[in-house]
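Visitor: Sharing target_29.txt here; it has compact mmCIF, C-alpha atoms.
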```
# COMPACT_ATOMS: atom_id res chain seq x y z
CA MET A 27 128.16 73.02 74.88
CA LYS A 28 127.93 75.97 77.23
CA LYS A 29 124.68 77.02 75.58
CA TYR A 30 123.13 73.62 76.28
CA TYR A 31 124.31 73.77 79.84
CA LEU A 32 122.65 77.16 80.30
CA SER A 33 119.31 76.04 78.84
CA PHE A 34 119.44 73.02 81.11
CA LEU A 35 119.99 75.31 84.10
CA TRP A 36 117.04 77.44 83.07
CA LEU A 37 114.90 74.36 82.73
CA ILE A 38 115.79 73.28 86.25
CA ILE A 39 114.96 76.71 87.65
CA LEU A 40 111.66 76.78 85.78
CA CYS A 41 110.72 73.31 87.00
CA SER A 42 111.51 74.11 90.60
CA LEU A 43 109.43 77.29 90.36
CA LEU A 44 106.51 75.37 88.91
CA ALA A 45 106.85 72.71 91.57
CA ALA A 46 106.84 75.38 94.27
CA CYS A 47 103.64 76.86 92.86
CA LYS A 48 102.02 73.48 92.68
CA LYS A 49 102.96 72.75 96.26
CA GLY A 50 101.33 76.02 97.37
CA ASP A 51 98.11 75.12 95.64
CA ALA A 52 98.02 71.66 97.12
CA ALA A 53 98.44 73.01 100.63
CA GLY A 54 95.57 75.41 100.04
CA SER A 55 93.22 72.83 98.66
CA SER A 56 93.56 70.25 101.42
CA ALA A 57 90.79 72.15 103.16
CA GLY A 58 87.65 72.29 101.09
CA ALA A 59 85.20 75.04 100.32
CA GLY A 60 82.28 76.43 102.26
CA GLY A 61 79.27 78.53 101.43
CA SER A 62 79.00 82.30 101.70
CA THR A 63 76.79 82.16 104.79
CA ALA A 64 79.31 80.24 106.95
CA ARG A 65 80.37 81.50 110.36
CA MET A 66 83.50 79.33 110.45
CA THR A 67 86.22 78.76 107.88
CA ILE A 68 89.66 77.20 107.54
CA SER A 69 92.67 78.79 105.87
CA GLY A 70 95.87 76.76 106.02
CA ASN A 71 96.56 75.68 109.59
CA TYR A 72 94.14 78.20 111.06
CA MET A 73 90.43 78.25 111.66
CA TYR A 74 88.36 81.38 112.06
CA ILE A 75 84.99 81.67 113.76
CA VAL A 76 82.86 84.81 113.89
CA SER A 77 80.42 85.49 116.68
CA SER A 78 78.00 88.39 116.47
CA SER A 79 80.77 90.87 117.31
CA LYS A 80 84.16 89.11 117.34
CA LEU A 81 86.64 87.17 115.24
CA TYR A 82 88.25 84.13 116.90
CA THR A 83 91.48 82.61 115.54
CA TYR A 84 92.36 78.97 116.26
CA ASP A 85 95.53 77.04 115.52
CA ILE A 86 94.47 73.67 114.08
CA SER A 87 97.91 72.42 112.98
CA GLN A 88 97.38 69.54 115.42
CA PRO A 89 93.62 68.99 115.44
CA ALA A 90 93.56 67.23 118.81
CA GLN A 91 95.47 70.14 120.33
CA THR A 92 93.42 72.87 118.69
CA VAL A 93 93.87 76.06 120.63
CA LEU A 94 92.33 79.53 120.62
CA LEU A 95 95.12 81.98 119.71
CA ASN A 96 93.22 85.23 120.03
CA GLU A 97 89.91 86.98 119.75
CA GLN A 98 89.34 90.44 118.40
CA TYR A 99 86.47 92.85 118.22
CA ILE A 100 85.00 93.46 114.76
CA SER A 101 81.77 95.38 115.16
CA TRP A 102 78.88 95.77 117.55
CA ASN A 103 76.48 95.17 114.75
CA ASN A 104 75.76 91.53 114.11
CA VAL A 105 78.56 89.89 112.26
CA GLU A 106 77.16 86.98 110.30
CA THR A 107 79.52 85.52 107.72
CA ILE A 108 83.20 84.92 106.92
CA PHE A 109 84.72 84.10 103.53
CA PRO A 110 88.44 83.47 102.94
CA TYR A 111 90.19 84.46 99.72
CA ARG A 112 93.97 84.10 99.45
CA ASP A 113 95.49 86.27 102.20
CA LYS A 114 92.21 88.03 103.04
CA LEU A 115 89.17 87.32 105.17
CA PHE A 116 85.91 88.97 104.08
CA ILE A 117 83.43 89.40 106.91
CA GLY A 118 79.77 90.27 106.40
CA SER A 119 77.79 92.09 109.06
CA GLN A 120 74.60 94.06 109.17
CA GLN A 121 76.66 97.22 109.26
CA GLY A 122 78.84 96.53 106.28
CA MET A 123 81.69 94.46 104.92
CA PHE A 124 84.99 94.15 106.79
CA VAL A 125 88.22 93.07 105.10
CA PHE A 126 90.94 91.52 107.23
CA ASP A 127 94.51 91.14 106.00
CA ASN A 128 95.43 87.57 106.76
CA SER A 129 99.04 87.54 105.58
CA ASN A 130 99.91 86.77 109.19
CA PRO A 131 97.27 84.06 109.67
CA LYS A 132 97.88 83.85 113.43
CA SER A 133 96.58 87.34 113.86
CA PRO A 134 94.39 88.78 111.07
CA LYS A 135 94.37 92.57 110.90
CA LEU A 136 91.49 94.87 109.96
CA GLN A 137 92.43 96.42 106.64
CA GLY A 138 89.31 98.05 105.26
CA GLN A 139 85.58 98.30 105.49
CA ALA A 140 82.59 99.37 103.44
CA GLN A 141 79.58 100.66 105.31
CA HIS A 142 76.14 100.22 103.87
CA PHE A 143 72.53 100.52 104.88
CA ARG A 144 71.64 98.07 107.58
CA ALA A 145 70.82 94.73 106.06
CA CYS A 146 71.81 91.06 106.12
CA ASP A 147 74.77 90.47 103.89
CA PRO A 148 76.86 87.50 102.91
CA VAL A 149 79.97 88.41 100.94
CA VAL A 150 82.30 86.60 98.52
CA ALA A 151 85.32 88.03 96.76
CA ASP A 152 88.03 87.44 94.19
CA ASN A 153 91.30 89.27 93.64
CA ASP A 154 89.78 92.54 92.48
CA TYR A 155 86.13 92.67 93.47
CA ALA A 156 83.86 91.82 96.41
CA TYR A 157 80.24 90.81 95.91
CA VAL A 158 77.73 91.51 98.66
CA THR A 159 74.02 90.79 98.89
CA LEU A 160 71.72 92.91 101.01
CA ARG A 161 68.36 91.60 102.04
CA ASN A 162 65.68 93.43 103.94
CA SER A 163 63.03 90.72 104.28
CA ASN A 164 63.99 90.11 107.89
CA ALA A 165 62.62 93.17 109.63
CA GLY A 166 65.19 92.85 112.42
CA CYS A 167 67.98 93.57 109.97
CA GLY A 168 66.53 97.01 109.54
CA GLY A 169 67.57 97.26 105.91
CA THR A 170 65.60 98.83 103.15
CA LEU A 171 67.32 97.27 100.16
CA ASN A 172 67.20 94.00 98.29
CA GLN A 173 70.20 94.10 96.05
CA LEU A 174 73.56 92.82 94.89
CA GLN A 175 76.43 95.26 95.34
CA ILE A 176 79.82 94.99 93.65
CA TYR A 177 82.85 96.67 95.23
CA ASP A 178 86.23 97.42 93.68
CA ILE A 179 88.91 96.21 96.11
CA GLN A 180 91.98 96.60 93.87
CA GLY A 181 95.08 98.20 95.31
CA ASN A 182 94.36 100.92 97.83
CA ASN A 183 90.62 100.57 97.27
CA ILE A 184 90.77 97.69 99.75
CA LEU A 185 90.96 100.31 102.52
CA THR A 186 87.60 101.80 101.59
CA PRO A 187 86.06 99.49 98.99
CA LYS A 188 84.43 101.47 96.22
CA MET A 189 80.95 100.49 95.05
CA VAL A 190 80.93 100.12 91.27
CA SER A 191 77.42 98.80 90.69
CA THR A 192 74.20 97.53 92.23
CA LEU A 193 71.47 95.28 90.92
CA ASP A 194 68.09 94.93 92.63
CA MET A 195 66.65 91.45 93.08
CA PRO A 196 64.17 89.84 95.48
CA GLU A 197 65.50 88.45 98.81
CA PRO A 198 69.13 87.83 97.80
CA ASN A 199 70.90 85.34 100.10
CA GLY A 200 74.04 83.25 99.66
CA LEU A 201 76.19 83.69 96.56
CA GLY A 202 79.21 82.32 94.71
CA TYR A 203 81.08 82.86 91.43
CA LYS A 204 82.86 80.98 88.69
CA ASP A 205 84.80 82.94 86.09
CA ASP A 206 82.52 85.74 84.86
CA VAL A 207 79.32 84.33 86.30
CA LEU A 208 77.82 84.97 89.72
CA TYR A 209 75.15 82.75 91.28
CA VAL A 210 72.86 84.51 93.76
CA CYS A 211 70.29 82.60 95.82
CA LEU A 212 66.91 84.31 96.08
CA GLY A 213 65.12 82.12 98.64
CA ILE A 214 61.69 81.15 97.37
CA ASN A 215 62.31 83.17 94.19
CA GLY A 216 64.99 80.76 92.94
CA MET A 217 68.58 81.48 91.92
CA ASN A 218 69.88 84.19 89.61
CA VAL A 219 72.64 83.41 87.12
CA ILE A 220 74.35 86.77 86.57
CA SER A 221 76.99 87.85 84.08
CA ILE A 222 79.71 89.88 85.82
CA ALA A 223 81.93 90.21 82.75
CA ASP A 224 81.44 93.97 83.15
CA LYS A 225 81.53 94.71 86.88
CA THR A 226 79.80 98.03 86.33
CA LYS A 227 76.87 96.36 84.57
CA PRO A 228 75.95 93.01 86.16
CA ALA A 229 73.21 91.40 84.07
CA VAL A 230 70.82 88.59 84.94
CA LEU A 231 71.21 85.83 82.34
CA LYS A 232 68.53 83.58 83.77
CA THR A 233 66.67 82.66 86.94
CA ILE A 234 66.46 79.02 87.98
CA THR A 235 63.25 78.39 89.92
CA GLY A 236 61.49 75.44 91.54
CA ASN A 237 63.39 75.37 94.85
CA THR A 238 64.03 77.66 97.80
CA PHE A 239 67.72 78.50 97.23
CA ILE A 240 69.72 79.54 100.32
CA ASP A 241 73.45 79.22 99.52
CA VAL A 242 75.89 77.88 96.91
CA ILE A 243 79.45 76.60 96.58
CA PRO A 244 81.01 76.71 93.11
CA TYR A 245 83.51 73.83 93.24
CA ASN A 246 85.51 73.35 90.04
CA ASN A 247 82.91 72.37 87.45
CA LEU A 248 80.28 71.67 90.06
CA LEU A 249 77.78 74.06 91.59
CA ILE A 250 76.55 72.76 94.95
CA ALA A 251 73.36 74.49 96.04
CA TYR A 252 71.84 74.35 99.51
CA ILE A 253 68.11 74.42 99.02
CA GLN A 254 65.44 74.14 101.68
CA GLY A 255 65.16 70.38 102.23
CA GLY A 256 68.52 69.33 100.79
CA ILE A 257 71.00 69.82 97.96
CA VAL A 258 71.03 70.27 94.20
CA LEU A 259 74.14 69.67 92.07
CA TYR A 260 74.71 71.41 88.72
CA ASP A 261 77.39 71.01 86.08
CA ILE A 262 78.85 74.47 85.49
CA SER A 263 81.55 73.60 82.96
CA THR A 264 79.71 76.29 81.00
CA PRO A 265 79.24 78.70 83.90
CA ALA A 266 76.43 80.70 82.28
CA ASN A 267 74.41 77.57 81.73
CA PRO A 268 74.16 75.35 84.85
CA LYS A 269 72.99 71.85 83.97
CA LEU A 270 71.06 69.90 86.60
CA LEU A 271 72.95 66.74 87.63
CA SER A 272 71.16 65.48 90.71
CA THR A 273 69.07 66.36 93.74
CA ILE A 274 69.04 65.05 97.31
CA GLN A 275 65.86 66.26 98.89
CA ASN A 276 63.35 65.24 101.52
CA MET B 12 23.67 105.92 113.64
CA ARG B 13 26.38 107.63 111.66
CA ALA B 14 28.91 106.84 114.44
CA LYS B 15 27.92 103.17 114.35
CA LYS B 16 28.41 103.07 110.59
CA LEU B 17 31.81 104.71 110.96
CA ILE B 18 32.87 102.19 113.62
CA ALA B 19 31.74 99.34 111.38
CA ILE B 20 33.75 100.71 108.48
CA VAL B 21 36.83 101.18 110.66
CA VAL B 22 36.52 97.65 112.07
CA LEU B 23 36.10 96.20 108.58
CA ALA B 24 39.07 98.17 107.32
CA CYS B 25 41.24 96.94 110.19
CA LEU B 26 40.17 93.36 109.60
CA SER B 27 40.92 93.54 105.91
CA VAL B 28 44.35 95.05 106.59
CA SER B 29 45.21 92.29 109.04
CA CYS B 30 43.93 89.68 106.59
CA TRP B 31 46.00 91.18 103.82
CA LYS B 32 49.07 91.06 106.04
CA ARG B 33 48.42 87.48 107.08
CA ASN B 34 47.99 86.25 103.54
CA ASN B 35 51.00 87.91 102.05
CA GLU B 36 53.90 87.74 104.43
CA THR B 37 56.18 84.92 103.33
CA VAL B 38 59.80 85.37 104.36
CA LEU B 39 62.96 83.33 104.61
CA GLY B 40 63.55 83.16 108.35
CA TYR B 41 64.42 80.83 111.19
CA ALA B 42 62.29 78.24 112.97
CA PRO B 43 63.31 76.48 116.22
CA VAL B 44 64.57 72.89 116.09
CA TYR B 45 63.56 70.88 119.16
CA GLY B 46 65.59 68.06 120.70
CA ASP B 47 66.19 65.71 123.58
CA ALA B 48 67.54 67.54 126.63
CA SER B 49 69.11 64.36 128.07
CA ALA B 50 71.49 63.69 125.16
CA LEU B 51 72.76 67.15 124.26
CA LYS B 52 76.47 66.27 124.43
CA SER B 53 76.43 62.80 122.88
CA ILE B 54 77.82 62.58 119.33
CA THR B 55 77.23 59.40 117.34
CA LEU B 56 77.73 58.11 113.80
CA LEU B 57 74.55 56.68 112.31
CA PRO B 58 73.61 55.19 108.95
CA ALA B 59 72.52 57.67 106.26
CA GLN B 60 69.32 59.51 107.11
CA ASP B 61 66.84 61.29 104.89
CA VAL B 62 67.41 65.02 104.72
CA GLU B 63 64.67 66.85 106.58
CA GLU B 64 65.23 70.56 106.09
CA GLY B 65 68.96 70.68 105.38
CA GLY B 66 71.46 73.33 106.47
CA LYS B 67 74.83 74.84 105.67
CA ILE B 68 77.19 73.00 103.34
CA TYR B 69 80.90 72.25 103.03
CA VAL B 70 82.78 70.27 100.41
CA ALA B 71 86.21 68.65 100.77
CA GLY B 72 87.62 66.34 98.12
CA ASN B 73 84.72 64.20 96.93
CA MET B 74 82.80 64.42 100.17
CA LEU B 75 79.93 66.80 100.73
CA PHE B 76 78.83 67.70 104.24
CA GLN B 77 75.41 69.18 104.89
CA VAL B 78 74.27 70.28 108.30
CA GLU B 79 70.80 69.17 109.35
CA SER B 80 70.17 72.31 111.39
CA GLY B 81 70.17 71.57 115.10
CA LYS B 82 70.55 67.82 114.57
CA GLY B 83 73.77 66.79 112.86
CA ILE B 84 75.65 66.37 109.59
CA HIS B 85 74.81 64.35 106.47
CA ILE B 86 77.88 62.91 104.70
CA THR B 87 77.53 62.34 100.96
CA ASP B 88 80.02 60.99 98.43
CA ILE B 89 79.81 63.09 95.26
CA SER B 90 82.60 61.43 93.24
CA ASN B 91 79.86 60.80 90.71
CA PRO B 92 77.84 64.00 91.03
CA ALA B 93 75.07 62.60 88.84
CA GLN B 94 74.54 59.87 91.45
CA PRO B 95 75.53 61.10 94.91
CA GLN B 96 75.79 58.39 97.58
CA GLN B 97 74.70 59.20 101.11
CA LYS B 98 77.28 57.62 103.43
CA GLY B 99 76.15 58.42 106.94
CA PHE B 100 74.86 60.88 109.46
CA ILE B 101 76.63 62.28 112.53
CA LYS B 102 74.13 63.11 115.25
CA ILE B 103 75.16 66.37 116.95
CA SER B 104 72.74 68.46 119.00
CA GLY B 105 72.63 72.10 118.06
CA CYS B 106 74.76 71.66 114.94
CA GLN B 107 74.72 74.74 112.65
CA GLU B 108 78.22 75.05 111.17
CA VAL B 109 80.73 72.69 109.54
CA THR B 110 84.20 72.82 108.01
CA VAL B 111 86.51 69.94 107.17
CA LYS B 112 90.23 69.52 106.64
CA ASN B 113 92.17 66.32 106.02
CA GLY B 114 89.11 64.27 106.98
CA ILE B 115 88.82 66.02 110.35
CA ILE B 116 85.42 67.62 110.93
CA TYR B 117 85.11 70.92 112.81
CA THR B 118 81.60 71.73 113.95
CA ASN B 119 79.53 72.98 116.85
CA ASN B 120 77.69 70.96 119.48
CA MET B 121 75.38 73.54 121.02
CA ASN B 122 77.88 76.30 121.97
CA ASP B 123 80.94 74.03 122.04
CA LEU B 124 83.47 73.74 119.23
CA VAL B 125 83.99 70.01 118.61
CA ILE B 126 86.62 68.35 116.45
CA LEU B 127 85.64 64.94 115.12
CA GLN B 128 87.45 62.06 113.47
CA GLN B 129 85.90 58.94 112.03
CA ASN B 130 87.20 55.76 113.64
CA GLY B 131 85.84 52.73 111.78
CA ASN B 132 82.12 52.69 112.44
CA ALA B 133 82.34 55.22 115.21
CA ILE B 134 83.15 58.88 115.52
CA ASP B 135 85.67 60.19 118.05
CA VAL B 136 85.56 63.62 119.60
CA VAL B 137 89.29 64.43 119.49
CA LYS B 138 88.83 67.84 121.07
CA ARG B 139 86.02 69.83 122.67
CA LEU B 140 86.38 73.56 123.34
CA PRO B 141 83.41 74.62 125.46
CA GLU B 142 81.53 77.86 124.84
CA SER B 143 83.37 78.75 121.63
CA PHE B 144 80.26 79.71 119.70
CA MET B 145 79.15 82.59 121.85
CA ASN B 146 75.96 84.18 120.57
CA SER B 147 75.92 82.15 117.41
CA SER B 148 74.13 79.07 118.70
CA SER B 149 71.61 80.46 121.13
CA THR B 150 68.68 78.54 122.50
CA THR B 151 66.50 81.62 122.75
CA VAL B 152 67.00 83.53 119.51
CA PRO B 153 68.12 82.47 116.00
CA PRO B 154 71.65 83.13 114.68
CA GLU B 155 70.58 86.16 112.63
CA HIS B 156 68.39 89.07 113.54
CA GLY B 157 65.02 89.16 111.91
CA LYS B 158 61.62 87.54 112.03
CA PHE B 159 61.41 84.00 113.35
CA GLU B 160 58.91 81.34 114.31
CA CYS B 161 58.04 81.74 118.00
CA PRO B 162 59.36 78.94 120.25
CA ASP B 163 56.82 76.51 121.66
CA PRO B 164 58.15 75.14 125.01
CA SER B 165 55.70 72.23 124.87
CA LYS B 166 57.72 70.79 121.96
CA GLY B 167 60.94 70.31 123.98
CA VAL B 168 64.22 72.17 124.33
CA ILE B 169 65.56 74.23 121.44
CA VAL B 170 68.76 72.68 120.03
CA GLY B 171 69.11 74.80 116.92
CA TRP B 172 67.55 76.94 114.25
CA GLN B 173 66.43 76.06 110.75
CA LYS B 174 66.37 78.56 107.90
CA LYS B 175 63.18 78.07 105.91
CA THR B 176 60.25 79.77 104.28
CA LEU B 177 57.96 81.08 107.00
CA ILE B 178 54.46 82.42 106.67
CA ASN B 179 53.60 85.20 109.09
CA PRO B 180 56.28 84.59 111.74
CA ASN B 181 55.22 86.40 114.90
CA CYS B 182 58.55 86.80 116.69
CA SER B 183 61.45 89.05 115.78
CA TYR B 184 64.52 90.56 117.41
```
Would it be possible to restate this file's structure as structure tokens?

Guide:
Amino acid sequence: MKKYYLSFLWLIILCSLLAACKKGDAAGSSAGAGGSTARMTISGNYMYIVSSSKLYTYDISQPAQTVLLNEQYISWNNVETIFPYRDKLFIGSQQGMFVFDNSNPKSPKLQGQAQHFRACDPVVADNDYAYVTLRNSNAGCGGTLNQLQIYDIQGNNILTPKMVSTLDMPEPNGLGYKDDVLYVCLGINGMNVISIADKTKPAVLKTITGNTFIDVIPYNNLLIAYIQGGIVLYDISTPANPKLLSTIQN
Amino acid sequence: MRAKKLIAIVVLACLSVSCWKRNNETVLGYAPVYGDASALKSITLLPAQDVEEGGKIYVAGNMLFQVESGKGIHITDISNPAQPQQKGFIKISGCQEVTVKNGIIYTNNMNDLVILQQNGNAIDVVKRLPESFMNSSSTTVPPEHGKFECPDPSKGVIVGWQKKTLINPNCSY
């Protein structure tokens, strides 16, 4: 009898743990997902906006009473993008990538940064790696590279992210990932579908052409691509093989 | 005679270089979006509009939001992604950015942060925080450094910037 009682107790504990996890996920997903070239993003009850040099934190717990909590200096050099992942904010600038620890979302703290040659660079990240594209086509960016860079951000590497590989490609722009596949927009050159199963050897699986690709959002089994003139939707239930679903275009 | 020949060759060489440059420089850059100076702060919900050039995207639940750079936001229902349904268009001067949470839309109206909520067939501005987008929604230069299409004041006031393929843009910063 006691044995049954104990198993029952364990079951209750397990259920409550699962429920807690589920609740966490739901809270996170009530905001949606943005592209890698966004200047504003929401994480929980907070919204973050980057200007060319600063990070602004807003409390949006009551939308009609939205209030600026603080602003902080990031870099003098043209901050362009912000991407949230769990308790981190990844900020792309022409000087490099900045990682902010967001475990206190009211006041994100600079945790690490990776400097690179001057270039335009959106960034996305998962738990262990950050993916950055550098593009030199805009002369004002002053860059000399057109490439994807992958940084190891595990453990203490977050303080000074360590570059593990690069892959040259024409005019890389916005990017996004699902599982072991990275999608990198190449402007007029299309969109690269890249295997990142081995982070030290990213490999182009295919290039989808026919549109000017600017940015993407992988969203469950859907890949939403911002192309010049509209949107293209792909089914990415097999991530390496995006299947065209529909197009909204002028 | 020899000098004349040399000058001719130099001139020809210069011309061919400039031609070569003109024919080959295609870049992804920004072009100005022109608008109506008298209605910069008015925000209205309109029926679905055709996408012109498009802009940044955000997805929340089954709704997809695409900025029409400088002009507003297209709202599209993608519950059936094979047949997306365009639901409406919010006209917002200077619009470049969008995020959404719990049906509330956070975007920019020129340099102001505006927070919008749909109210039947209308859209309410529930909060406006002026000058929150410093430097990122400028009327003189695009949001990123680089080459851009030179503004033409005869076309109106600049309300935003559109990322697109440009051939031989003459301005840069």

Visitor: Using 8 Å as the limit and counting only C-alpha atoms, can you tabulate each residue of chain A that touches chain B, with its shortest atom-to-atom distance in Å and the two atoms involved, as a tab-separated table?

Guide:
```
residue	atom	partner	partner_atom	distance
A:Ser56	CA	B:Asn113	CA	6.2
A:Ala57	CA	B:Lys112	CA	4.4
A:Gly58	CA	B:Ala71	CA	3.9
A:Ala59	CA	B:Val70	CA	5.3
A:Gly60	CA	B:Tyr69	CA	4.5
A:Gly61	CA	B:Ile68	CA	6.2
A:Thr63	CA	B:Lys67	CA	7.6
A:Ala64	CA	B:Glu108	CA	6.8
A:Arg65	CA	B:Glu108	CA	6.8
A:Met66	CA	B:Glu108	CA	6.8
A:Thr67	CA	B:Thr110	CA	6.3
A:Ile68	CA	B:Thr110	CA	7.0
A:Ile75	CA	B:Phe144	CA	7.8
A:Ser77	CA	B:Ser147	CA	5.7
A:Ser78	CA	B:Asn146	CA	6.2
A:Pro89	CA	B:Ile126	CA	7.1
A:Ala90	CA	B:Val137	CA	5.2
A:Gln91	CA	B:Lys138	CA	7.1
A:Thr92	CA	B:Lys138	CA	7.2
A:Asn104	CA	B:Glu155	CA	7.6
A:Glu106	CA	B:Glu155	CA	7.0
A:Ser163	CA	B:Val38	CA	6.2
A:Asn164	CA	B:Gly157	CA	4.3
A:Ala165	CA	B:Gly157	CA	5.2
A:Gly166	CA	B:Gly157	CA	3.7
A:Cys167	CA	B:Gly157	CA	5.7
A:Gly213	CA	B:Leu39	CA	6.5
A:Ile214	CA	B:Thr176	CA	7.2
A:Thr238	CA	B:Thr176	CA	7.8
A:Asp241	CA	B:Lys67	CA	7.7
A:Ile243	CA	B:Tyr69	CA	7.9
A:Tyr252	CA	B:Ile68	CA	6.7
A:Ile253	CA	B:Gly65	CA	7.4
A:Gln254	CA	B:Glu64	CA	5.7
A:Gly255	CA	B:Glu64	CA	3.9
A:Gly256	CA	B:Gly65	CA	4.8
A:Ile257	CA	B:Gly65	CA	7.7
A:Leu259	CA	B:Pro92	CA	6.8
A:Leu271	CA	B:Ala93	CA	4.8
A:Ser272	CA	B:Ala93	CA	5.2
A:Ile274	CA	B:Val62	CA	7.6
A:Gln275	CA	B:Val62	CA	6.2
A:Asn276	CA	B:Val62	CA	5.2
```

Visitor: A:Tyr177, A:Tyr203, A:Tyr209, A:Tyr245: which is nearest Thr233 (chain A), counting all atoms listed in the file?

Guide: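 Smallest distance to Thr233 (chain A) is found for A:Tyr209.
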
Visitor: With a distance cut-off of 9 Å and all atoms listed in the file, select the neighbouring residues of Leu136 (chain A), excluding the residue or stretch itself and same-chain residues fewer than 3 positions from it, and output the selection as a list in words.

Guide: Ile100, Phe124, Val125, Phe126, Asp127, Asn128 and Gln139 of chain A

Visitor: To one decimal place, how far is CA of Ala59 (chain B) from CA of Ile103 (chain B) in Å?

Guide: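 Pair CA of Ala59 (chain B) / CA of Ile103 (chain B) returns 14.0 Å.
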
Visitor: Within 7 Å of region 146-157 of chain A, which residues of region 54-128 of chain A show up? Give each one with its shortest atom-to-atom distance in Å (one decimal) and the two atoms involved, counting only C-alpha atoms, rows by chain then rising residue number, as CSV.

Guide:
```
residue,atom,partner,partner_atom,distance
A:Ser62,CA,A:Pro148,CA,5.8
A:Thr63,CA,A:Pro148,CA,5.7
A:Thr107,CA,A:Pro148,CA,5.8
A:Phe109,CA,A:Val150,CA,6.1
A:Tyr111,CA,A:Asp152,CA,6.6
A:Phe116,CA,A:Val149,CA,6.7
A:Ile117,CA,A:Val149,CA,7.0
A:Gly118,CA,A:Pro148,CA,5.3
A:Ser119,CA,A:Asp147,CA,6.2
A:Gln120,CA,A:Cys146,CA,5.1
```

Visitor: Report the distance between CA of Lys80 (chain A) and CA of Gln98 (chain A) in Å, rounded to one decimal place.

Guide: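 Separation of CA of Lys80 (chain A) and CA of Gln98 (chain A): 5.5 Å.
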